[in-house]
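Shown next: protein17.cif, containing mmCIF, C-alpha atoms and all ligand atoms.
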data_target
loop_
_atom_site.label_atom_id
_atom_site.label_comp_id
_atom_site.auth_asym_id
_atom_site.auth_seq_id
_atom_site.Cartn_x
_atom_site.Cartn_y
_atom_site.Cartn_z
CA MET O 13 -13.83 -26.66 1.62
CA LYS O 14 -12.81 -30.11 0.37
CA SER O 15 -10.65 -31.62 3.03
CA GLU O 16 -10.77 -35.38 3.54
CA SER O 17 -8.02 -36.08 1.04
CA LEU O 18 -6.29 -32.72 1.15
CA ARG O 19 -2.53 -33.07 1.17
CA LEU O 20 0.20 -30.49 0.68
CA SER O 21 3.57 -31.98 -0.12
CA ALA O 22 7.01 -31.03 -1.33
CA SER O 23 9.63 -33.33 -2.79
CA GLY O 24 13.22 -32.47 -3.53
CA LEU O 25 12.33 -28.81 -3.15
CA ALA O 26 15.13 -26.33 -3.72
CA CYS O 27 15.30 -22.59 -3.19
CA GLU O 28 17.78 -20.02 -4.45
CA ARG O 29 17.78 -16.34 -3.55
CA GLY O 30 20.09 -13.83 -5.18
CA GLY O 31 21.97 -16.66 -6.91
CA ARG O 32 22.69 -18.49 -3.65
CA VAL O 33 21.27 -21.83 -2.57
CA VAL O 34 19.09 -21.38 0.52
CA PHE O 35 17.97 -25.01 0.82
CA GLY O 36 17.66 -28.08 -1.38
CA GLY O 37 16.32 -31.62 -1.30
CA LEU O 38 13.48 -30.64 1.02
CA ASP O 39 10.66 -33.13 1.52
CA PHE O 40 7.55 -32.69 3.66
CA GLU O 41 3.93 -33.65 3.74
CA VAL O 42 1.01 -32.19 5.65
CA GLY O 43 -2.60 -33.31 5.47
CA GLY O 44 -5.99 -31.69 5.98
CA GLY O 45 -6.49 -30.84 9.65
CA GLU O 46 -2.75 -30.58 10.27
CA ALA O 47 -0.33 -27.76 10.92
CA LEU O 48 3.31 -27.74 9.86
CA ILE O 49 5.45 -25.57 12.11
CA VAL O 50 8.58 -24.39 10.31
CA THR O 51 11.56 -23.35 12.40
CA GLY O 52 15.25 -22.73 11.75
CA ARG O 53 17.95 -20.12 12.22
CA ASN O 54 17.70 -16.65 10.68
CA GLY O 55 18.18 -16.93 6.95
CA ALA O 56 17.42 -20.68 6.84
CA GLY O 57 14.66 -20.00 4.34
CA LYS O 58 11.42 -20.13 6.35
CA SER O 59 9.89 -17.06 4.69
CA SER O 60 11.19 -18.19 1.30
CA LEU O 61 9.50 -21.58 1.71
CA LEU O 62 6.16 -20.01 2.60
CA ARG O 63 6.49 -17.66 -0.35
CA GLN O 64 7.30 -20.56 -2.67
CA ILE O 65 4.08 -22.29 -1.59
CA ALA O 66 2.22 -19.00 -2.20
CA GLY O 67 3.77 -18.72 -5.66
CA LEU O 68 5.71 -15.57 -4.76
CA VAL O 69 9.22 -17.04 -4.99
CA ASP O 70 10.46 -19.26 -7.81
CA ILE O 71 11.03 -22.95 -7.23
CA ALA O 72 14.64 -23.74 -8.14
CA GLY O 73 14.11 -27.52 -8.15
CA GLY O 74 11.71 -30.24 -7.08
CA ARG O 75 7.99 -29.65 -6.69
CA ILE O 76 5.18 -28.57 -4.42
CA ALA O 77 1.74 -30.12 -4.87
CA LEU O 78 -1.68 -29.81 -3.31
CA ASP O 79 -3.69 -33.00 -3.75
CA GLY O 80 -7.40 -33.07 -3.09
CA GLY O 81 -7.91 -29.34 -3.57
CA ASP O 82 -9.91 -27.51 -6.23
CA PRO O 83 -8.67 -28.74 -9.63
CA GLU O 84 -9.88 -25.49 -11.23
CA ARG O 85 -7.54 -23.39 -9.10
CA THR O 86 -3.79 -23.10 -8.80
CA LEU O 87 -2.07 -23.75 -5.48
CA PRO O 88 -1.51 -20.00 -4.85
CA GLU O 89 -5.22 -19.41 -5.48
CA GLN O 90 -5.97 -21.88 -2.69
CA THR O 91 -3.67 -20.25 -0.16
CA HIS O 92 -3.78 -17.25 2.12
CA TYR O 93 -0.33 -15.82 2.77
CA VAL O 94 0.15 -13.43 5.67
CA GLY O 95 3.75 -12.28 5.74
CA HIS O 96 5.94 -9.95 7.78
CA LEU O 97 4.71 -6.86 6.02
CA ASP O 98 1.06 -6.29 6.68
CA ALA O 99 0.42 -4.85 3.18
CA LEU O 100 -1.97 -2.18 4.39
CA LYS O 101 -2.70 1.25 2.90
CA PRO O 102 -2.40 3.92 5.65
CA ALA O 103 -5.15 6.19 4.29
CA MET O 104 -7.83 3.50 4.05
CA SER O 105 -10.07 2.80 7.02
CA VAL O 106 -10.26 -0.62 8.63
CA ARG O 107 -13.62 -1.24 6.98
CA GLU O 108 -12.45 -0.03 3.54
CA THR O 109 -9.44 -2.33 3.80
CA ALA O 110 -11.62 -5.32 4.63
CA GLU O 111 -14.06 -4.37 1.85
CA PHE O 112 -11.19 -4.18 -0.63
CA TRP O 113 -9.92 -7.62 0.32
CA ALA O 114 -13.40 -9.13 0.34
CA SER O 115 -14.01 -7.89 -3.20
CA TYR O 116 -10.49 -8.85 -4.36
CA LEU O 117 -10.68 -12.32 -2.82
CA GLY O 118 -14.32 -12.90 -3.72
CA GLY O 119 -15.29 -13.11 -0.07
CA ALA O 120 -17.88 -11.70 2.32
CA GLY O 121 -18.67 -11.52 6.02
CA ILE O 122 -16.69 -8.35 6.70
CA ASP O 123 -18.35 -7.47 10.00
CA GLU O 124 -17.96 -10.98 11.34
CA ALA O 125 -14.32 -11.24 10.28
CA LEU O 126 -13.47 -7.91 11.92
CA ALA O 127 -15.36 -8.86 15.07
CA GLN O 128 -13.52 -12.17 15.31
CA LEU O 129 -10.26 -10.24 15.39
CA ASP O 130 -11.65 -7.74 17.90
CA LEU O 131 -11.52 -4.88 15.40
CA ASP O 132 -15.22 -4.03 15.42
CA ASP O 133 -14.70 -0.86 17.49
CA LEU O 134 -12.06 0.42 15.06
CA VAL O 135 -13.81 0.04 11.71
CA GLU O 136 -13.87 3.75 10.84
CA LEU O 137 -10.27 4.42 11.87
CA PRO O 138 -7.62 4.96 9.17
CA VAL O 139 -5.01 2.21 9.12
CA ALA O 140 -2.35 4.86 9.82
CA TYR O 141 -3.75 5.25 13.34
CA LEU O 142 -3.66 1.56 14.22
CA SER O 143 -1.10 0.11 16.62
CA ALA O 144 1.27 -2.59 15.37
CA GLY O 145 -0.84 -5.34 16.91
CA GLN O 146 -4.07 -3.87 15.48
CA LYS O 147 -2.48 -3.74 12.02
CA ARG O 148 -1.42 -7.35 12.33
CA ARG O 149 -4.95 -8.35 13.36
CA LEU O 150 -6.33 -6.49 10.35
CA ALA O 151 -3.87 -8.32 8.08
CA LEU O 152 -4.98 -11.61 9.62
CA SER O 153 -8.65 -10.80 8.93
CA ARG O 154 -7.96 -11.77 5.30
CA LEU O 155 -7.92 -15.38 6.49
CA LEU O 156 -11.58 -15.12 7.38
CA LEU O 157 -12.86 -12.98 4.52
CA ALA O 158 -12.67 -15.76 1.95
CA PRO O 159 -12.27 -19.45 2.81
CA ARG O 160 -9.09 -20.93 1.42
CA PRO O 161 -7.78 -24.33 2.50
CA VAL O 162 -4.10 -23.51 3.00
CA TRP O 163 -3.01 -20.80 5.42
CA LEU O 164 0.63 -19.66 5.19
CA LEU O 165 1.55 -17.64 8.25
CA ASP O 166 4.95 -15.99 8.63
CA GLU O 167 5.60 -15.16 12.28
CA PRO O 168 1.87 -14.53 12.80
CA THR O 169 2.17 -13.67 16.50
CA VAL O 170 4.59 -10.77 16.04
CA ALA O 171 3.19 -7.65 17.76
CA LEU O 172 0.21 -9.54 19.19
CA ASP O 173 -0.58 -9.43 22.90
CA ARG O 174 -1.52 -12.57 24.81
CA ALA O 175 -5.25 -12.18 24.29
CA SER O 176 -4.74 -11.66 20.55
CA ILE O 177 -2.47 -14.69 20.32
CA ALA O 178 -5.13 -16.78 22.07
CA ARG O 179 -7.71 -15.45 19.60
CA LEU O 180 -5.46 -16.32 16.65
CA VAL O 181 -4.81 -19.81 18.03
CA GLY O 182 -8.58 -20.29 18.30
CA LEU O 183 -9.01 -19.30 14.64
CA MET O 184 -6.18 -21.61 13.61
CA GLU O 185 -7.71 -24.50 15.55
CA ALA O 186 -11.09 -23.86 13.91
CA HIS O 187 -9.41 -23.86 10.48
CA LEU O 188 -7.74 -27.19 11.25
CA ALA O 189 -10.97 -28.63 12.67
CA GLY O 190 -12.61 -27.72 9.35
CA GLY O 191 -10.00 -29.79 7.49
CA GLY O 192 -7.70 -26.93 6.50
CA ILE O 193 -3.91 -26.91 6.41
CA ILE O 194 -1.61 -24.40 8.11
CA VAL O 195 2.07 -23.88 7.42
CA ALA O 196 3.46 -21.44 9.97
CA ALA O 197 6.95 -20.09 10.49
CA THR O 198 7.08 -19.33 14.19
CA HIS O 199 9.29 -19.78 17.20
CA GLN O 200 6.36 -19.13 19.52
CA ASP O 201 4.83 -22.15 21.23
CA MET O 202 1.26 -21.68 20.06
CA GLY O 203 -0.24 -24.52 22.08
CA LEU O 204 -1.83 -25.93 18.95
CA GLY O 205 -2.13 -29.49 20.25
CA THR O 206 -0.09 -31.59 17.90
CA ALA O 207 1.53 -30.37 14.73
CA ARG O 208 4.26 -31.49 12.43
CA SER O 209 7.63 -29.86 12.68
CA LEU O 210 9.97 -28.92 9.86
CA VAL O 211 13.39 -27.65 10.89
CA LEU O 212 15.18 -25.81 8.09
CA GLY O 213 18.94 -25.65 8.11
CA ALA O 214 19.26 -28.87 10.11
CA PRO O 215 21.51 -31.56 8.58
CA GLN O 216 18.38 -33.58 7.82
CA ALA O 217 15.11 -31.61 7.81
CA ALA O 218 13.03 -33.16 10.59
CA ASP O 219 9.40 -33.97 9.83
CA GLU O 220 7.77 -35.42 12.87
CA GLU O 221 4.82 -34.97 15.21
CA VAL O 222 5.57 -32.60 18.06
CA PRO O 223 3.56 -30.49 20.48
CA ALA O 224 3.34 -27.05 18.87
N1 LIG V 301 14.91 -10.83 -2.43
C1 LIG V 301 16.03 -11.48 -2.06
N2 LIG V 301 17.13 -11.43 -2.81
C2 LIG V 301 18.27 -12.08 -2.46
N3 LIG V 301 18.35 -12.82 -1.35
C3 LIG V 301 17.28 -12.91 -0.56
C4 LIG V 301 16.06 -12.26 -0.87
N4 LIG V 301 15.17 -12.53 0.10
C5 LIG V 301 15.80 -13.33 0.97
N5 LIG V 301 17.07 -13.57 0.58
C6 LIG V 301 18.04 -14.41 1.26
O1 LIG V 301 17.51 -15.73 1.33
C7 LIG V 301 17.88 -16.34 2.56
C8 LIG V 301 16.63 -16.87 3.25
O2 LIG V 301 15.85 -15.75 3.67
P1 LIG V 301 14.47 -15.97 4.42
O3 LIG V 301 13.91 -14.62 4.68
O4 LIG V 301 13.65 -16.95 3.67
O5 LIG V 301 14.95 -16.68 5.78
P2 LIG V 301 14.18 -16.88 7.16
O6 LIG V 301 14.51 -18.27 7.63
O7 LIG V 301 12.75 -16.57 7.00
O8 LIG V 301 14.89 -15.81 8.07
P3 LIG V 301 14.42 -15.01 9.39
O9 LIG V 301 14.35 -16.01 10.51
O10 LIG V 301 15.53 -14.02 9.61
O11 LIG V 301 13.10 -14.35 9.08
C9 LIG V 301 18.64 -15.32 3.37
O12 LIG V 301 20.03 -15.56 3.24
C10 LIG V 301 18.28 -14.00 2.71
O13 LIG V 301 19.31 -13.07 2.79
#

In structure tokens, how does this file's structure come out?
Amino acid sequence: MKSESLRLSASGLACERGGRVVFGGLDFEVGGGEALIVTGRNGAGKSSLLRQIAGLVDIAGGRIALDGGDPERTLPEQTHYVGHLDALKPAMSVRETAEFWASYLGGAGIDEALAQLDLDDLVELPVAYLSAGQKRRLALSRLLLAPRPVWLLDEPTVALDRASIARLVGLMEAHLAGGGIIVAATHQDMGLGTARSLVLGAPQAADEEVPA
């Protein structure tokens, strides 16, 4: 993963949903090895922002750029987006799900990825039988199946117990230590050391270093 000069930035970014302005004039910058924690009231546009970075929601104005990444790939191709919906097929087993993603994403290391999310005892189980937290951990295993520099995590701790949150924080710290970028919408204090903060819906979006 190229990282030294990696930089994700937005300038004058605007978002409209259903014909209504959600936010506008948004500027932020986050470098390799840094996390950006996005907070704000319900409906402020946190999920929309993550989905704009992932290329899933149109940009109504301004721009988003990733500098220092792979020039052969688009920004969405260099991101992993894990959203509210876990996007899992109930009839597929845990292993089949991971195999599907690994082949779709061009990745490998299925056993290791599942083990890192403590799913190795559940590999033969159909997704339909998994608990909410187990489903979320399976969704998060995508992060490990193919290395991508930008992780976009929408409320990643929802349904996770304390041990699973600690495990996720460890994976996030390892990603940052490897020069990756994380943009996470979360109200949970993840104990990530230092991270930048972006508050949506505030009069002036704050962009400063805070404990996260
Ligand atoms: N598909 C859609 N069509 C129309 N409006 C939408 C759509 N998706 C979201 N919105 C609206 O866009 C606004 C921002 O929604 P978004 O989900 O990004 O906010 P959020 O900050 O993530 O909220 P929450 O904290 O509740 O998850 C909301 O007013 C929402 O109703």

Please, which residues have at least one atom within 12 Å of an atom of ligand LIG 301 (chain V), using only C-alpha atoms and all ligand atoms, listed as a PDB file with C-alpha atoms, keeping the file's coordinate frame?
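File written: part.pdb
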ATOM      1  CA  ALA O  26      15.130 -26.330  -3.720  1.00  0.00           C
ATOM      2  CA  CYS O  27      15.300 -22.590  -3.190  1.00  0.00           C
ATOM      3  CA  GLU O  28      17.780 -20.020  -4.450  1.00  0.00           C
ATOM      4  CA  ARG O  29      17.780 -16.340  -3.550  1.00  0.00           C
ATOM      5  CA  GLY O  30      20.090 -13.830  -5.180  1.00  0.00           C
ATOM      6  CA  GLY O  31      21.970 -16.660  -6.910  1.00  0.00           C
ATOM      7  CA  ARG O  32      22.690 -18.490  -3.650  1.00  0.00           C
ATOM      8  CA  VAL O  33      21.270 -21.830  -2.570  1.00  0.00           C
ATOM      9  CA  VAL O  34      19.090 -21.380   0.520  1.00  0.00           C
ATOM     10  CA  PHE O  35      17.970 -25.010   0.820  1.00  0.00           C
ATOM     11  CA  VAL O  50       8.580 -24.390  10.310  1.00  0.00           C
ATOM     12  CA  THR O  51      11.560 -23.350  12.400  1.00  0.00           C
ATOM     13  CA  GLY O  52      15.250 -22.730  11.750  1.00  0.00           C
ATOM     14  CA  ARG O  53      17.950 -20.120  12.220  1.00  0.00           C
ATOM     15  CA  ASN O  54      17.700 -16.650  10.680  1.00  0.00           C
ATOM     16  CA  GLY O  55      18.180 -16.930   6.950  1.00  0.00           C
ATOM     17  CA  ALA O  56      17.420 -20.680   6.840  1.00  0.00           C
ATOM     18  CA  GLY O  57      14.660 -20.000   4.340  1.00  0.00           C
ATOM     19  CA  LYS O  58      11.420 -20.130   6.350  1.00  0.00           C
ATOM     20  CA  SER O  59       9.890 -17.060   4.690  1.00  0.00           C
ATOM     21  CA  SER O  60      11.190 -18.190   1.300  1.00  0.00           C
ATOM     22  CA  LEU O  61       9.500 -21.580   1.710  1.00  0.00           C
ATOM     23  CA  LEU O  62       6.160 -20.010   2.600  1.00  0.00           C
ATOM     24  CA  ARG O  63       6.490 -17.660  -0.350  1.00  0.00           C
ATOM     25  CA  GLN O  64       7.300 -20.560  -2.670  1.00  0.00           C
ATOM     26  CA  LEU O  68       5.710 -15.570  -4.760  1.00  0.00           C
ATOM     27  CA  VAL O  69       9.220 -17.040  -4.990  1.00  0.00           C
ATOM     28  CA  ASP O  70      10.460 -19.260  -7.810  1.00  0.00           C
ATOM     29  CA  GLY O  95       3.750 -12.280   5.740  1.00  0.00           C
ATOM     30  CA  HIS O  96       5.940  -9.950   7.780  1.00  0.00           C
ATOM     31  CA  LEU O  97       4.710  -6.860   6.020  1.00  0.00           C
ATOM     32  CA  LEU O 165       1.550 -17.640   8.250  1.00  0.00           C
ATOM     33  CA  ASP O 166       4.950 -15.990   8.630  1.00  0.00           C
ATOM     34  CA  GLU O 167       5.600 -15.160  12.280  1.00  0.00           C
ATOM     35  CA  PRO O 168       1.870 -14.530  12.800  1.00  0.00           C
ATOM     36  CA  VAL O 170       4.590 -10.770  16.040  1.00  0.00           C
ATOM     37  CA  ALA O 196       3.460 -21.440   9.970  1.00  0.00           C
ATOM     38  CA  ALA O 197       6.950 -20.090  10.490  1.00  0.00           C
ATOM     39  CA  THR O 198       7.080 -19.330  14.190  1.00  0.00           C
ATOM     40  CA  HIS O 199       9.290 -19.780  17.200  1.00  0.00           C
ATOM     41  CA  LEU O 210       9.970 -28.920   9.860  1.00  0.00           C
ATOM     42  CA  VAL O 211      13.390 -27.650  10.890  1.00  0.00           C
ATOM     43  CA  LEU O 212      15.180 -25.810   8.090  1.00  0.00           C
ATOM     44  CA  GLY O 213      18.940 -25.650   8.110  1.00  0.00           C
ATOM     45  CA  ALA O 214      19.260 -28.870  10.110  1.00  0.00           C
TER      46      ALA O 214
END

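Across O:Ala189, O:Leu48, O:Ala120, O:Ala99, the tightest approach to Val139 in chain O is made by O:Ala99 when counting all atoms listed in the file.
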
**Message:** Considering only C-alpha atoms, can you say which of O:Gly191, O:Gly121, O:Gly73, O:Pro161 comes closest to Tyr93 in chain O?
**Reply:** O:Pro161

Rows by chain and residue number, range 83-111 of chain O within 9 Å of range 128-135 of chain O, shortest pair, only C-alpha atoms, as a Markdown table:
| residue | atom | partner | partner_atom | distance |
| --- | --- | --- | --- | --- |
| O:Ser105 | CA | O:Val135 | CA | 6.6 |
| O:Val106 | CA | O:Val135 | CA | 4.7 |
| O:Arg107 | CA | O:Val135 | CA | 4.9 |
| O:Glu108 | CA | O:Val135 | CA | 8.3 |

**Message:** Would you pick out the contacts of Leu87 in chain O at 9 Å or less, using only C-alpha atoms, so that residues sharing its chain but fewer than 5 positions from it are not included, and give the list as a VMD selection string?
**Reply:** chain O and resid 65 to 67 76 to 78 81 to 82 162

**Two-atom distance - CA of Ile193 in chain O, CA of His92 in chain O (Å)** =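 Computed distance, CA of Ile193 in chain O to CA of His92 in chain O, equals 10.6 Å.
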
**Asked** Taking into account all atoms listed in the file, which residue in the set O:Leu126, O:Leu20, O:Ala47, O:Val42 is nearest to Ser153 in chain O?
**Response**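 Going through O:Leu126, O:Leu20, O:Ala47, O:Val42 one by one, the smallest distance to Ser153 in chain O is for O:Leu126.
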
**Asked** Rounded to one decimal in Å, what is the spacing between CA of Gly37 in chain O and CA of Ser17 in chain O?
**Response** 24.9 Å

**Prompt:** By how many Å are CA of Gly24 in chain O and CA of Gly36 in chain O apart?
**Reply:**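 Between CA of Gly24 in chain O and CA of Gly36 in chain O the gap works out to 6.6 Å.
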
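Proximity of O:Asp201, O:Val94, O:Val195, O:Glu41 to Arg149 in chain O, computed with only C-alpha atoms, is greatest for O:Val94.
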
**Asked** Which one is closest to Leu100 in chain O: O:Gln146, O:Ser115, O:Ser209, O:Thr86? Count all atoms listed in the file.
**Response**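 Counting all atoms listed in the file, the residue closest to Leu100 in chain O is O:Gln146.
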
Box time for range 122-125 of chain O: axis-aligned, enclosing all its listed atoms, 3 Å extra on each side; report centre and edge lengths in Å to one decimal, as JSON.
{"center_x": -16.3, "center_y": -9.4, "center_z": 9.0, "size_x": 10.0, "size_y": 9.8, "size_z": 10.6}

**Message:** For a quick check of understanding, using only C-alpha atoms, which of O:Ala72, O:Thr169, O:Ala125, O:Ser176 has the smallest distance to Gln200 in chain O?
**Reply:**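 Residue with the minimum atom-to-atom distance to Gln200 in chain O: O:Thr169.
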
**Item:** Expected answer as a list in words: all residues with atoms within 10 Å of (-16.9, -9.6, 2.2), all atoms listed in the file
**Value:**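 Result, sorted by chain then residue number: Ala110, Glu111, Phe112, Trp113, Ala114, Ser115, Tyr116, Leu117, Gly118, Gly119, Ala120, Gly121, Ile122, Asp123, Glu124, Ala125, Arg154, Leu156, Leu157 and Ala158 of chain O.
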
Is it possible to produce a file of range 134-188 of chain O from this structure, with C-alpha atoms, as a PDB file, in the first residue's frame?
ATOM      1  CA  LEU O 134     -18.479 -20.444  12.571  1.00  0.00           C
ATOM      2  CA  VAL O 135     -17.201 -20.919   9.025  1.00  0.00           C
ATOM      3  CA  GLU O 136     -19.725 -23.587   8.026  1.00  0.00           C
ATOM      4  CA  LEU O 137     -22.742 -21.814   9.524  1.00  0.00           C
ATOM      5  CA  PRO O 138     -25.269 -20.138   7.201  1.00  0.00           C
ATOM      6  CA  VAL O 139     -25.336 -16.367   7.612  1.00  0.00           C
ATOM      7  CA  ALA O 140     -29.017 -16.638   8.591  1.00  0.00           C
ATOM      8  CA  TYR O 141     -27.972 -18.283  11.856  1.00  0.00           C
ATOM      9  CA  LEU O 142     -25.483 -15.605  12.876  1.00  0.00           C
ATOM     10  CA  SER O 143     -26.192 -13.125  15.663  1.00  0.00           C
ATOM     11  CA  ALA O 144     -26.220  -9.407  14.848  1.00  0.00           C
ATOM     12  CA  GLY O 145     -22.692  -8.963  16.179  1.00  0.00           C
ATOM     13  CA  GLN O 146     -21.425 -12.015  14.260  1.00  0.00           C
ATOM     14  CA  LYS O 147     -22.958 -10.639  11.056  1.00  0.00           C
ATOM     15  CA  ARG O 148     -21.282  -7.312  11.643  1.00  0.00           C
ATOM     16  CA  ARG O 149     -17.932  -9.045  12.198  1.00  0.00           C
ATOM     17  CA  LEU O 150     -18.404 -10.971   8.959  1.00  0.00           C
ATOM     18  CA  ALA O 151     -19.167  -7.712   7.125  1.00  0.00           C
ATOM     19  CA  LEU O 152     -16.004  -6.203   8.613  1.00  0.00           C
ATOM     20  CA  SER O 153     -13.915  -9.153   7.390  1.00  0.00           C
ATOM     21  CA  ARG O 154     -14.055  -7.541   3.921  1.00  0.00           C
ATOM     22  CA  LEU O 155     -11.560  -4.995   5.235  1.00  0.00           C
ATOM     23  CA  LEU O 156      -8.975  -7.726   5.593  1.00  0.00           C
ATOM     24  CA  LEU O 157      -9.702  -9.813   2.511  1.00  0.00           C
ATOM     25  CA  ALA O 158      -8.166  -7.320   0.099  1.00  0.00           C
ATOM     26  CA  PRO O 159      -5.915  -4.438   1.138  1.00  0.00           C
ATOM     27  CA  ARG O 160      -7.365  -1.064   0.258  1.00  0.00           C
ATOM     28  CA  PRO O 161      -5.945   2.188   1.627  1.00  0.00           C
ATOM     29  CA  VAL O 162      -9.166   3.964   2.608  1.00  0.00           C
ATOM     30  CA  TRP O 163     -11.596   2.391   5.061  1.00  0.00           C
ATOM     31  CA  LEU O 164     -15.054   3.996   5.304  1.00  0.00           C
ATOM     32  CA  LEU O 165     -16.847   2.748   8.386  1.00  0.00           C
ATOM     33  CA  ASP O 166     -20.429   3.742   9.181  1.00  0.00           C
ATOM     34  CA  GLU O 167     -21.178   3.122  12.856  1.00  0.00           C
ATOM     35  CA  PRO O 168     -18.827   0.114  12.821  1.00  0.00           C
ATOM     36  CA  THR O 169     -19.322  -0.766  16.489  1.00  0.00           C
ATOM     37  CA  VAL O 170     -23.096  -1.243  16.273  1.00  0.00           C
ATOM     38  CA  ALA O 171     -24.033  -4.687  17.672  1.00  0.00           C
ATOM     39  CA  LEU O 172     -20.450  -5.441  18.734  1.00  0.00           C
ATOM     40  CA  ASP O 173     -19.655  -6.491  22.292  1.00  0.00           C
ATOM     41  CA  ARG O 174     -16.697  -5.030  24.165  1.00  0.00           C
ATOM     42  CA  ALA O 175     -14.262  -7.736  23.105  1.00  0.00           C
ATOM     43  CA  SER O 176     -15.277  -7.328  19.461  1.00  0.00           C
ATOM     44  CA  ILE O 177     -14.925  -3.550  19.660  1.00  0.00           C
ATOM     45  CA  ALA O 178     -11.422  -3.990  21.092  1.00  0.00           C
ATOM     46  CA  ARG O 179     -10.621  -6.393  18.246  1.00  0.00           C
ATOM     47  CA  LEU O 180     -11.923  -3.896  15.670  1.00  0.00           C
ATOM     48  CA  VAL O 181      -9.937  -1.056  17.248  1.00  0.00           C
ATOM     49  CA  GLY O 182      -6.822  -3.237  17.006  1.00  0.00           C
ATOM     50  CA  LEU O 183      -7.469  -3.813  13.293  1.00  0.00           C
ATOM     51  CA  MET O 184      -8.067  -0.100  12.751  1.00  0.00           C
ATOM     52  CA  GLU O 185      -4.843   0.780  14.561  1.00  0.00           C
ATOM     53  CA  ALA O 186      -2.927  -1.738  12.444  1.00  0.00           C
ATOM     54  CA  HIS O 187      -4.429  -0.209   9.286  1.00  0.00           C
ATOM     55  CA  LEU O 188      -3.350   3.270  10.397  1.00  0.00           C
TER      56      LEU O 188
END
